[in-house]
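Coordinates as given in run-v4.pdb (PDB, C-alpha atoms and all ligand atoms):
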```pdb
ATOM      1  CA  MET A   1      -4.158 -14.827  11.138
ATOM      2  CA  PHE A   2      -0.428 -14.687  11.866
ATOM      3  CA  ARG A   3       0.008 -12.719  15.070
ATOM      4  CA  ARG A   4       3.009 -10.668  16.105
ATOM      5  CA  THR A   5       3.510 -12.834  19.204
ATOM      6  CA  ASP A   6       3.907 -15.977  17.052
ATOM      7  CA  ALA A   7       7.485 -14.843  16.414
ATOM      8  CA  ALA A   8       8.240 -15.064  20.137
ATOM      9  CA  ILE A   9       6.562 -18.436  20.438
ATOM     10  CA  SER A  10       8.379 -21.697  19.946
ATOM     11  CA  PRO A  11       7.605 -23.339  16.571
ATOM     12  CA  THR A  12       7.399 -26.692  18.325
ATOM     13  CA  ALA A  13       4.489 -25.444  20.438
ATOM     14  CA  LEU A  14       2.707 -24.141  17.331
ATOM     15  CA  TYR A  15       3.289 -27.502  15.658
ATOM     16  CA  THR A  16       2.132 -29.683  18.567
ATOM     17  CA  GLY A  17      -0.838 -27.355  19.125
ATOM     18  CA  THR A  18      -1.861 -28.088  15.549
ATOM     19  CA  VAL A  19      -1.428 -31.837  16.006
ATOM     20  CA  TRP A  20      -3.687 -31.826  19.077
ATOM     21  CA  ARG A  21      -6.311 -29.791  17.216
ATOM     22  CA  ARG A  22      -6.202 -31.865  14.029
ATOM     23  CA  ASN A  23      -6.787 -34.971  16.110
ATOM     24  CA  GLY A  24      -9.845 -33.740  17.945
ATOM     25  CA  LEU A  25      -8.113 -33.175  21.304
ATOM     26  CA  SER A  26      -8.390 -29.425  21.267
ATOM     27  CA  HIS A  27     -10.831 -26.544  20.853
ATOM     28  CA  PRO A  28     -11.023 -24.506  17.604
ATOM     29  CA  ALA A  29      -9.919 -21.473  19.646
ATOM     30  CA  PHE A  30      -6.435 -23.069  19.918
ATOM     31  CA  ALA A  31      -5.924 -22.943  16.132
ATOM     32  CA  THR A  32      -3.003 -20.873  14.828
ATOM     33  CA  PHE A  33      -2.272 -19.906  11.263
ATOM     34  CA  ALA A  34       1.474 -20.340  11.858
ATOM     35  CA  GLY A  35       0.933 -23.809  13.352
ATOM     36  CA  THR A  36      -1.153 -24.943  10.397
ATOM     37  CA  ALA A  37       1.469 -23.578   7.977
ATOM     38  CA  LEU A  38       4.251 -25.377   9.873
ATOM     39  CA  TRP A  39       2.320 -28.622   9.958
ATOM     40  CA  THR A  40       1.552 -28.432   6.235
ATOM     41  CA  GLY A  41       5.169 -27.569   5.432
ATOM     42  CA  LEU A  42       6.368 -30.637   7.287
ATOM     43  CA  VAL A  43       4.139 -33.144   5.473
ATOM     44  CA  GLY A  44       6.864 -33.783   2.852
ATOM     45  CA  PRO A  45       9.816 -34.095   5.282
ATOM     46  CA  ARG A  46       7.695 -36.367   7.515
ATOM     47  CA  ARG A  47       6.978 -38.657   4.587
ATOM     48  CA  ALA A  48      10.654 -38.642   3.606
ATOM     49  CA  ALA A  49      11.659 -39.472   7.194
ATOM     50  CA  SER A  50       9.185 -42.377   7.254
ATOM     51  CA  LEU A  51      10.703 -43.715   4.039
ATOM     52  CA  LEU A  52      14.106 -43.614   5.770
ATOM     53  CA  GLY A  53      12.673 -45.681   8.607
ATOM     54  CA  ALA A  54      12.052 -42.936  11.187
ATOM     55  CA  PRO A  55       8.833 -43.262  13.207
ATOM     56  CA  ASP A  56       5.973 -40.897  12.350
ATOM     57  CA  LEU A  57       6.287 -37.731  14.433
ATOM     58  CA  ASP A  58       2.549 -37.114  14.917
ATOM     59  CA  THR A  59       1.913 -40.725  15.946
ATOM     60  CA  MET A  60       4.636 -40.425  18.598
ATOM     61  CA  LEU A  61       3.272 -37.088  19.825
ATOM     62  CA  LEU A  62      -0.272 -38.429  20.124
ATOM     63  CA  ALA A  63       0.923 -41.554  21.946
ATOM     64  CA  ARG A  64       2.838 -39.536  24.551
ATOM     65  CA  HIS A  65      -0.018 -37.076  25.025
ATOM     66  CA  HIS A  66      -2.550 -39.855  25.524
ATOM     67  CA  SER A  67      -0.265 -41.742  27.953
ATOM     68  CA  ILE A  68       0.257 -38.653  30.127
ATOM     69  CA  ASP A  69      -3.499 -37.929  30.057
ATOM     70  CA  THR A  70      -4.210 -41.487  31.201
ATOM     71  CA  LEU A  71      -1.766 -41.365  34.137
ATOM     72  CA  LEU A  72      -3.074 -37.989  35.265
ATOM     73  CA  GLU A  73      -6.686 -39.106  34.992
ATOM     74  CA  ARG A  74      -5.948 -42.255  37.038
ATOM     75  CA  ALA A  75      -4.275 -40.241  39.814
ATOM     76  CA  ILE A  76      -7.146 -37.733  39.971
ATOM     77  CA  ASP A  77      -9.825 -40.436  39.893
ATOM     78  CA  ALA A  78      -7.992 -42.334  42.667
ATOM     79  CA  GLY A  79      -8.207 -39.195  44.833
ATOM     80  CA  GLU A  80      -4.408 -38.838  44.968
ATOM     81  CA  ILE A  81      -4.133 -35.575  43.059
ATOM     82  CA  SER A  82      -6.325 -32.478  43.022
ATOM     83  CA  GLN A  83      -3.801 -29.839  41.898
ATOM     84  CA  VAL A  84      -1.821 -29.796  38.664
ATOM     85  CA  VAL A  85       0.951 -27.517  37.456
ATOM     86  CA  GLU A  86       1.761 -28.021  33.793
ATOM     87  CA  ILE A  87       5.160 -26.556  32.895
ATOM     88  CA  ALA A  88       5.796 -25.463  29.271
ATOM     89  CA  ALA A  89       2.143 -26.116  28.458
ATOM     90  CA  GLY A  90       2.355 -24.292  25.120
ATOM     91  CA  LEU A  91      -0.875 -24.686  23.165
ATOM     92  CA  SER A  92      -1.667 -27.996  24.801
ATOM     93  CA  PRO A  93      -5.402 -28.399  25.410
ATOM     94  CA  ARG A  94      -4.866 -30.620  28.458
ATOM     95  CA  GLY A  95      -5.493 -27.843  30.989
ATOM     96  CA  TRP A  96      -8.738 -26.882  29.299
ATOM     97  CA  ARG A  97      -9.868 -30.514  28.943
ATOM     98  CA  PHE A  98      -9.092 -31.490  32.552
ATOM     99  CA  ALA A  99     -10.385 -28.241  34.051
ATOM    100  CA  SER A 100     -13.653 -28.603  32.099
ATOM    101  CA  ARG A 101     -14.033 -32.197  33.118
ATOM    102  CA  TYR A 102     -13.282 -31.910  36.840
ATOM    103  CA  GLY A 103     -14.579 -28.356  37.432
ATOM    104  CA  SER A 104     -13.974 -26.958  40.906
ATOM    105  CA  ASP A 105     -12.661 -30.341  42.159
ATOM    106  CA  LEU A 106      -9.391 -29.637  40.374
ATOM    107  CA  THR A 107      -6.931 -26.744  40.373
ATOM    108  CA  TYR A 108      -5.076 -26.683  37.055
ATOM    109  CA  ILE A 109      -2.320 -24.111  36.530
ATOM    110  CA  GLU A 110      -0.881 -23.952  33.040
ATOM    111  CA  THR A 111       2.490 -22.269  32.748
ATOM    112  CA  ASP A 112       4.981 -21.258  30.086
ATOM    113  CA  LEU A 113       7.364 -18.418  29.271
ATOM    114  CA  LEU A 114       5.901 -14.906  29.060
ATOM    115  CA  ALA A 115       4.819 -14.698  25.375
ATOM    116  CA  MET A 116       3.212 -18.105  25.316
ATOM    117  CA  SER A 117       1.465 -17.765  28.674
ATOM    118  CA  ARG A 118       0.024 -14.393  27.575
ATOM    119  CA  ARG A 119      -1.123 -15.970  24.344
ATOM    120  CA  LYS A 120      -2.698 -18.895  26.174
ATOM    121  CA  GLU A 121      -4.481 -16.761  28.728
ATOM    122  CA  ASP A 122      -5.741 -14.500  25.958
ATOM    123  CA  LEU A 123      -7.175 -17.340  23.885
ATOM    124  CA  LEU A 124      -8.767 -19.058  26.895
ATOM    125  CA  THR A 125     -10.326 -15.789  28.082
ATOM    126  CA  ARG A 126     -11.619 -14.698  24.661
ATOM    127  CA  ALA A 127     -13.196 -18.088  24.003
ATOM    128  CA  GLU A 128     -14.542 -18.167  27.589
ATOM    129  CA  LEU A 129     -12.823 -21.485  28.241
ATOM    130  CA  MET A 130     -11.448 -20.733  31.725
ATOM    131  CA  GLY A 131     -13.237 -22.755  34.388
ATOM    132  CA  PRO A 132     -13.208 -22.044  38.143
ATOM    133  CA  GLY A 133      -9.934 -23.799  39.060
ATOM    134  CA  HIS A 134      -8.100 -23.031  35.842
ATOM    135  CA  ARG A 135      -5.276 -20.459  35.793
ATOM    136  CA  VAL A 136      -2.370 -19.443  33.580
ATOM    137  CA  ARG A 137       0.945 -18.238  34.995
ATOM    138  CA  VAL A 138       4.414 -17.333  33.762
ATOM    139  CA  LEU A 139       7.007 -19.891  34.843
ATOM    140  CA  ASP A 140      10.587 -20.511  33.775
ATOM    141  CA  ALA A 141      11.224 -24.240  34.068
ATOM    142  CA  PHE A 142      14.900 -23.735  34.800
ATOM    143  CA  LYS A 143      14.634 -21.132  37.526
ATOM    144  CA  PRO A 144      14.958 -22.958  40.836
ATOM    145  CA  THR A 145      13.769 -20.106  43.077
ATOM    146  CA  GLY A 146      12.426 -16.552  42.980
ATOM    147  CA  PRO A 147       9.787 -14.937  40.770
ATOM    148  CA  ASN A 148       8.437 -17.172  37.981
ATOM    149  CA  SER A 149       9.886 -20.323  39.564
ATOM    150  CA  LEU A 150       7.947 -23.477  40.445
ATOM    151  CA  ASP A 151       8.989 -22.970  44.061
ATOM    152  CA  ALA A 152       7.259 -19.560  44.109
ATOM    153  CA  LEU A 153       4.181 -20.776  42.219
ATOM    154  CA  ALA A 154       3.707 -23.596  44.753
ATOM    155  CA  ASN A 155       2.837 -20.919  47.353
ATOM    156  CA  GLU A 156      -0.458 -20.470  45.442
ATOM    157  CA  LEU A 157      -1.382 -24.105  46.022
ATOM    158  CA  ASP A 158      -3.037 -25.833  48.968
ATOM    159  CA  PRO A 159      -0.233 -27.577  50.922
ATOM    160  CA  ASP A 160      -2.674 -30.273  52.062
ATOM    161  CA  GLN A 161      -3.607 -31.514  48.580
ATOM    162  CA  GLY A 162      -1.872 -34.051  46.365
ATOM    163  CA  THR A 163      -0.145 -32.264  43.487
ATOM    164  CA  ALA A 164       1.081 -33.207  40.028
ATOM    165  CA  VAL A 165       3.669 -31.485  37.855
ATOM    166  CA  ILE A 166       3.776 -32.190  34.115
ATOM    167  CA  THR A 167       6.408 -31.434  31.503
ATOM    168  CA  GLU A 168       5.618 -32.597  27.985
ATOM    169  CA  GLY A 169       7.886 -31.978  25.000
ATOM    170  CA  LEU A 170      10.455 -30.034  27.024
ATOM    171  CA  ILE A 171      13.207 -32.245  28.436
ATOM    172  CA  ASN A 172      14.924 -33.290  25.190
ATOM    173  CA  TYR A 173      15.406 -29.697  23.984
ATOM    174  CA  PHE A 174      17.698 -28.796  26.898
ATOM    175  CA  PRO A 175      21.118 -29.996  28.104
ATOM    176  CA  MET A 176      21.628 -32.149  31.180
ATOM    177  CA  PRO A 177      22.377 -29.315  33.675
ATOM    178  CA  HIS A 178      18.964 -27.782  32.819
ATOM    179  CA  VAL A 179      17.243 -31.141  33.312
ATOM    180  CA  THR A 180      18.983 -31.588  36.672
ATOM    181  CA  THR A 181      17.867 -28.112  37.779
ATOM    182  CA  LEU A 182      14.290 -28.806  36.666
ATOM    183  CA  TRP A 183      14.071 -32.251  38.258
ATOM    184  CA  ASN A 184      15.602 -30.998  41.536
ATOM    185  CA  SER A 185      13.072 -28.194  41.579
ATOM    186  CA  VAL A 186      10.102 -30.488  40.829
ATOM    187  CA  GLY A 187      11.315 -33.128  43.323
ATOM    188  CA  SER A 188      11.769 -30.665  46.174
ATOM    189  CA  THR A 189       8.557 -28.736  45.439
ATOM    190  CA  LEU A 190       6.437 -31.889  45.387
ATOM    191  CA  HIS A 191       7.726 -32.814  48.855
ATOM    192  CA  ARG A 192       5.772 -29.794  50.156
ATOM    193  CA  PHE A 193       2.536 -31.737  49.467
ATOM    194  CA  PRO A 194       1.209 -34.974  50.993
ATOM    195  CA  ARG A 195       1.570 -36.728  47.615
ATOM    196  CA  GLY A 196       3.458 -35.706  44.518
ATOM    197  CA  LEU A 197       3.352 -36.970  40.960
ATOM    198  CA  TYR A 198       5.647 -35.944  38.127
ATOM    199  CA  LEU A 199       4.741 -36.918  34.553
ATOM    200  CA  SER A 200       6.892 -36.279  31.513
ATOM    201  CA  ASP A 201       8.074 -37.759  28.263
ATOM    202  CA  LEU A 202      11.711 -38.644  27.612
ATOM    203  CA  HIS A 203      13.697 -39.919  24.651
ATOM    204  CA  LEU A 204      16.595 -42.210  25.546
ATOM    205  CA  ASP A 205      19.700 -42.513  23.378
ATOM    206  CA  GLN A 206      19.131 -46.116  22.470
ATOM    207  CA  SER A 207      17.492 -46.150  19.034
ATOM    208  CA  PRO A 208      19.319 -47.660  16.045
ATOM    209  CA  GLY A 209      21.999 -45.146  14.975
ATOM    210  CA  ALA A 210      20.868 -44.169  11.467
ATOM    211  CA  VAL A 211      17.242 -43.669  12.499
ATOM    212  CA  THR A 212      18.190 -41.601  15.544
ATOM    213  CA  ALA A 213      20.495 -39.477  13.400
ATOM    214  CA  THR A 214      17.780 -38.858  10.766
ATOM    215  CA  ALA A 215      15.172 -37.960  13.383
ATOM    216  CA  LYS A 216      17.678 -35.734  15.202
ATOM    217  CA  VAL A 217      18.603 -33.799  12.043
ATOM    218  CA  LEU A 218      14.933 -33.226  11.179
ATOM    219  CA  ILE A 219      13.933 -32.162  14.671
ATOM    220  CA  THR A 220      17.009 -29.956  15.108
ATOM    221  CA  ALA A 221      16.178 -28.115  11.857
ATOM    222  CA  PHE A 222      12.549 -27.841  12.939
ATOM    223  CA  VAL A 223      13.143 -26.454  16.423
ATOM    224  CA  ARG A 224      16.115 -24.361  15.279
ATOM    225  CA  GLY A 225      18.007 -25.640  18.279
ATOM    226  CA  ASN A 226      19.592 -28.763  19.644
ATOM    227  CA  VAL A 227      18.056 -32.038  20.688
ATOM    228  CA  TYR A 228      19.665 -33.761  23.670
ATOM    229  CA  LEU A 229      19.514 -37.466  24.455
ATOM    230  CA  HIS A 230      20.738 -37.470  28.045
ATOM    231  CA  PHE A 231      20.466 -41.100  29.044
ATOM    232  CA  ASP A 232      21.512 -44.352  27.360
ATOM    233  CA  ARG A 233      19.575 -46.601  29.707
ATOM    234  CA  GLU A 234      16.265 -46.392  31.554
ATOM    235  CA  GLN A 235      18.059 -47.063  34.832
ATOM    236  CA  ASP A 236      20.246 -43.959  34.366
ATOM    237  CA  ALA A 237      17.136 -41.773  34.081
ATOM    238  CA  ILE A 238      15.546 -43.460  37.089
ATOM    239  CA  ASP A 239      18.731 -42.938  39.137
ATOM    240  CA  ALA A 240      18.758 -39.239  38.160
ATOM    241  CA  LEU A 241      15.117 -38.852  39.231
ATOM    242  CA  ARG A 242      15.835 -40.501  42.579
ATOM    243  CA  LYS A 243      18.839 -38.260  43.073
ATOM    244  CA  ALA A 244      16.525 -35.293  42.395
ATOM    245  CA  GLY A 245      14.427 -36.327  45.415
ATOM    246  CA  PHE A 246      11.717 -38.564  43.980
ATOM    247  CA  ASP A 247      10.888 -41.573  46.160
ATOM    248  CA  ASP A 248       9.931 -43.734  43.215
ATOM    249  CA  ALA A 249      10.355 -43.465  39.454
ATOM    250  CA  GLU A 250       9.581 -45.565  36.421
ATOM    251  CA  LEU A 251       9.659 -45.229  32.645
ATOM    252  CA  LEU A 252       6.622 -46.600  30.827
ATOM    253  CA  LEU A 253       6.074 -47.605  27.226
ATOM    254  CA  PRO A 254       3.262 -45.673  25.493
ATOM    255  CA  SER A 255       2.203 -48.939  23.846
ATOM    256  CA  SER A 256       1.378 -50.303  27.316
ATOM    257  CA  PHE A 257      -1.537 -47.835  27.512
ATOM    258  CA  GLU A 258      -4.965 -48.777  26.253
ATOM    259  CA  GLY A 259      -5.756 -46.754  23.140
ATOM    260  CA  VAL A 260      -2.148 -46.532  21.894
ATOM    261  CA  ASP A 261      -1.458 -48.678  18.833
ATOM    262  CA  PRO A 262       1.872 -50.492  19.153
ATOM    263  CA  VAL A 263       3.064 -49.216  15.769
ATOM    264  CA  ALA A 264       6.752 -48.880  14.902
ATOM    265  CA  GLY A 265       8.574 -46.214  16.864
ATOM    266  CA  VAL A 266       5.744 -45.326  19.215
ATOM    267  CA  ASP A 267       7.822 -46.439  22.211
ATOM    268  CA  ARG A 268      10.827 -44.252  21.369
ATOM    269  CA  ASN A 269       9.274 -41.513  23.482
ATOM    270  CA  LEU A 270       9.043 -43.016  26.973
ATOM    271  CA  ILE A 271       6.762 -41.763  29.727
ATOM    272  CA  VAL A 272       8.271 -40.743  33.063
ATOM    273  CA  ARG A 273       6.174 -41.364  36.171
ATOM    274  CA  ALA A 274       7.899 -40.284  39.369
ATOM    275  CA  THR A 275       6.350 -39.849  42.787
ATOM    276  CA  THR A 276       6.957 -38.395  46.192
ATOM    277  CA  ALA A 277       5.160 -39.985  49.111
TER     278      ALA A 277
HETATM  279  C1  LIG B 301       7.491 -28.493  22.214
HETATM  280  S1  LIG B 301       6.614 -27.197  22.984
HETATM  281  C2  LIG B 301       5.571 -28.247  23.961
HETATM  282  C3  LIG B 301       4.305 -27.578  24.324
HETATM  283  C4  LIG B 301       3.289 -28.483  25.019
HETATM  284  N1  LIG B 301       3.832 -29.059  26.228
HETATM  285  C5  LIG B 301       2.821 -29.571  24.090
HETATM  286  O1  LIG B 301       3.191 -30.736  24.292
HETATM  287  O2  LIG B 301       2.070 -29.257  23.167
HETATM  288  C6  LIG B 301       7.809 -26.569  24.143
HETATM  289  C7  LIG B 301       7.289 -25.480  25.071
HETATM  290  O3  LIG B 301       8.328 -25.191  26.006
HETATM  291  C8  LIG B 301       8.253 -23.837  26.318
HETATM  292  N2  LIG B 301       9.519 -23.444  26.948
HETATM  293  C9  LIG B 301      10.724 -23.270  26.373
HETATM  294  N3  LIG B 301      11.621 -22.898  27.308
HETATM  295  C10 LIG B 301      10.974 -22.837  28.494
HETATM  296  C11 LIG B 301      11.354 -22.500  29.821
HETATM  297  N4  LIG B 301      12.608 -22.135  30.125
HETATM  298  N5  LIG B 301      10.421 -22.539  30.781
HETATM  299  C12 LIG B 301       9.149 -22.877  30.494
HETATM  300  N6  LIG B 301       8.719 -23.201  29.265
HETATM  301  C13 LIG B 301       9.627 -23.185  28.271
HETATM  302  C14 LIG B 301       7.982 -23.183  24.970
HETATM  303  O4  LIG B 301       7.494 -21.869  25.108
HETATM  304  C15 LIG B 301       6.968 -24.164  24.382
HETATM  305  O5  LIG B 301       5.651 -23.779  24.683
END
```

Let me see whether you can do it: turn the structure in this file into structure tokens.
Amino acid sequence: MFRRTDAAISPTALYTGTVWRRNGLSHPAFATFAGTALWTGLVGPRRAASLLGAPDLDTMLLARHHSIDTLLERAIDAGEISQVVEIAAGLSPRGWRFASRYGSDLTYIETDLLAMSRRKEDLLTRAELMGPGHRVRVLDAFKPTGPNSLDALANELDPDQGTAVITEGLINYFPMPHVTTLWNSVGSTLHRFPRGLYLSDLHLDQSPGAVTATAKVLITAFVRGNVYLHFDREQDAIDALRKAGFDDAELLLPSSFEGVDPVAGVDRNLIVRATTA
């Protein structure tokens, strides 16, 4: 059923939520009528974009999701991380999957703006999918301090435990000053913990012109907003992350992860891995 709150929820989150569910990554409780309708409506434009040489959107989404999962899993299994804050989690099933898998060994806080976080908490509660360390909170990614900021949410966490912050499918929808605010906030917050890990995806502005333009037009129409390609070169992004307080930063190719097919375009969406010691 279409719900009233769908109107206040980003179409991109409804779309990606549907992609995760269609590909067996999610629980049936995460299904939305609006997401399915959006996904179905985009079958034609996706095909047209592929004919014009643009990479397949769902393949890119799945590659980035899997790569971030893999890096998070490695850090948890290595004993480096036992607390996760996912910013702009939308209808991502990652919180549910990781919280179910690691139980009380992991604290996983999913966050988003008010309408989406209410929606997420509601669906997790109704379907009885909330494990012991799993929580949902309201958080504005671009608020450096005060209520609903990452800085305030970090007070809920254990300062003696390694902590990860994730942003997936967020960065390229906002202009550079927003990204700087977010990265400064993540960098400084993670320094409050013995180890910090930041995982994200990022599109650079380095794809062949016509393809980038086609993809940009399609995505801009889809999200009803702008798409921003902030950096031309990997090194520029790494420098910005270091300036934001990270001790180390790298950009990884999704195709370098086991389980990601190196099909055309899959590496357009790079994976950010930045750490604080
Ligand atoms: C493309 S969706 C990605 C959702 C999820 N990360 C995924 O990959 O499926 C973008 C998400 O960003 C959230 N968002 C937009 N502006 C935000 C902000 N200022 N702070 C936190 N979340 C925000 C939206 O509500 C939406 O859930």

Show me, as a short mmCIF file (atom, residue, chain, number, x, y, z; two decimals) with C-alpha atoms, keeping the file's coordinate frame, the residues that have an atom within 7 Å of stretch 36-49 of chain A when counting only C-alpha atoms, minus same-chain residues fewer than 4 positions from it.
```
data_model
loop_
_atom_site.label_atom_id
_atom_site.label_comp_id
_atom_site.auth_asym_id
_atom_site.auth_seq_id
_atom_site.Cartn_x
_atom_site.Cartn_y
_atom_site.Cartn_z
CA TYR A 15 3.29 -27.50 15.66
CA THR A 18 -1.86 -28.09 15.55
CA THR A 32 -3.00 -20.87 14.83
CA GLY A 53 12.67 -45.68 8.61
CA ALA A 54 12.05 -42.94 11.19
CA ASP A 56 5.97 -40.90 12.35
#
```

inquiry  = Could you list, as number ranges by chain, every residue matched by the PyMOL selection byres (((not hetatm)) within 7 of (chain B and resi 301)) in this structure?
reply    = A: 9-10, 12-13, 16-17, 87-92, 112-113, 116, 139-142, 167-170

Distance of atom CA of A:Ile76 from atom CA of A:Ala99, expressed in Å to one decimal place =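 Atom CA of A:Ile76 lies 11.6 Å from atom CA of A:Ala99.
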
request  = Compare A:Asp248, A:Glu156, A:Glu121, A:Asp232 by their minimum atom-to-atom distance to A:Arg273, counting all atoms listed in the file, and give me the closest one.
outcome  =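 When distances to A:Arg273 are compared using all atoms listed in the file, the smallest one comes from A:Asp248.
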
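Once A:Gln161 and its same-chain neighbours fewer than 6 positions away are set aside, Gly79, Glu80, Ile81, Ser82, Gln83, Arg192, Phe193, Pro194, Arg195 and Gly196 of chain A remain within 10 Å of it when counting all atoms listed in the file.
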
message = Going by the chain IDs and residue numbers used in this file, which residues fall under the PyMOL selection byres (((chain A and resi 172) around 7) and not hetatm)? Write them as a list in words.
response =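 Given this file, the PyMOL selection byres (((chain A and resi 172) around 7) and not hetatm) evaluates to Leu170, Ile171, Tyr173, Phe174, Leu202, His203, Val227, Tyr228 and Leu229 of chain A.
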
ask   = Applied to the shown file, which residues does the PyMOL selection byres (((chain A and resi 247) around 12) and not hetatm) return, written as a list in words?
value = Gly187, Ser188, Leu190, His191, Arg195, Gly196, Leu197, Tyr198, Ile238, Asp239, Ala240, Leu241, Arg242, Lys243, Ala244, Gly245, Phe246, Asp248, Ala249, Glu250, Arg273, Ala274, Thr275, Thr276 and Ala277 of chain A

Write out as lines of an AutoDock Vina configuration file an axis-aligned box for stretch 136-143 of chain A: all of its atoms listed in the file, 4 Å added on each side, centre and edge lengths in Å with one decimal.
```
center_x = 6.3
center_y = -20.8
center_z = 35.6
size_x = 25.3
size_y = 14.9
size_z = 11.9
```

message = Which residues are near A:Glu73? Cut-off 9 Å, only C-alpha atoms, ignore same chain within fewer than 5 positions. Put them as a ChimeraX atom specification.
response = /A:68,78,98

message = With distances taken over only C-alpha atoms, which residue among A:Leu150, A:Leu72, A:Leu251, A:Ala29 lies nearest A:Gln235?
response =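 The closest residue to A:Gln235 is A:Leu251.
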
key: Residues within 12 Å of (-1.7, -48.7, 26.7), counting all atoms listed in the file, listed as a ChimeraX atom specification   = /A:63-71,252-263,266-267,271

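Coordinates place atom CA of A:Pro93 at a distance of 22.3 Å from atom CA of A:Ser149.
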
inquiry  = Report as JSON, numbers by chain all protein, DNA and RNA residues lying within 12 Å of A:Leu153, evaluated on only C-alpha atoms, omitting residues in the same chain fewer than 3 positions from it.
reply    = {"A": [84, 85, 86, 87, 109, 110, 111, 135, 136, 137, 138, 139, 140, 141, 143, 144, 145, 146, 147, 148, 149, 150, 156, 157, 158, 159, 165, 185, 186, 189, 190]}

Please return stretch 38-52 of chain A, rebuilt to N, CA and C atoms, as a short mmCIF file (atom, residue, chain, number, x, y, z; two decimals), keeping the file's coordinate frame.
```cif
data_model
loop_
_atom_site.label_atom_id
_atom_site.label_comp_id
_atom_site.auth_asym_id
_atom_site.auth_seq_id
_atom_site.Cartn_x
_atom_site.Cartn_y
_atom_site.Cartn_z
N LEU A 38 3.11 -24.51 9.51
CA LEU A 38 4.25 -25.38 9.87
C LEU A 38 3.92 -26.84 9.64
N TRP A 39 2.73 -27.21 10.09
CA TRP A 39 2.32 -28.62 9.96
C TRP A 39 2.28 -29.01 8.48
N THR A 40 1.68 -28.14 7.66
CA THR A 40 1.55 -28.43 6.24
C THR A 40 2.94 -28.50 5.59
N GLY A 41 3.82 -27.59 6.00
CA GLY A 41 5.17 -27.57 5.43
C GLY A 41 5.98 -28.80 5.78
N LEU A 42 5.60 -29.46 6.86
CA LEU A 42 6.37 -30.64 7.29
C LEU A 42 5.81 -31.96 6.76
N VAL A 43 4.71 -31.89 5.98
CA VAL A 43 4.14 -33.14 5.47
C VAL A 43 5.18 -33.90 4.64
N GLY A 44 5.85 -33.17 3.73
CA GLY A 44 6.86 -33.78 2.85
C GLY A 44 8.03 -34.37 3.65
N PRO A 45 8.71 -33.55 4.49
CA PRO A 45 9.82 -34.10 5.28
C PRO A 45 9.39 -35.28 6.17
N ARG A 46 8.15 -35.24 6.67
CA ARG A 46 7.70 -36.37 7.52
C ARG A 46 7.61 -37.64 6.69
N ARG A 47 7.08 -37.48 5.47
CA ARG A 47 6.98 -38.66 4.59
C ARG A 47 8.38 -39.18 4.26
N ALA A 48 9.29 -38.24 3.96
CA ALA A 48 10.65 -38.64 3.61
C ALA A 48 11.30 -39.37 4.79
N ALA A 49 11.08 -38.85 6.00
CA ALA A 49 11.66 -39.47 7.19
C ALA A 49 11.11 -40.88 7.38
N SER A 50 9.79 -41.05 7.11
CA SER A 50 9.18 -42.38 7.25
C SER A 50 9.83 -43.34 6.27
N LEU A 51 10.09 -42.84 5.04
CA LEU A 51 10.70 -43.72 4.04
C LEU A 51 12.11 -44.14 4.49
N LEU A 52 12.76 -43.28 5.27
CA LEU A 52 14.11 -43.61 5.77
C LEU A 52 14.04 -44.47 7.04
#
```
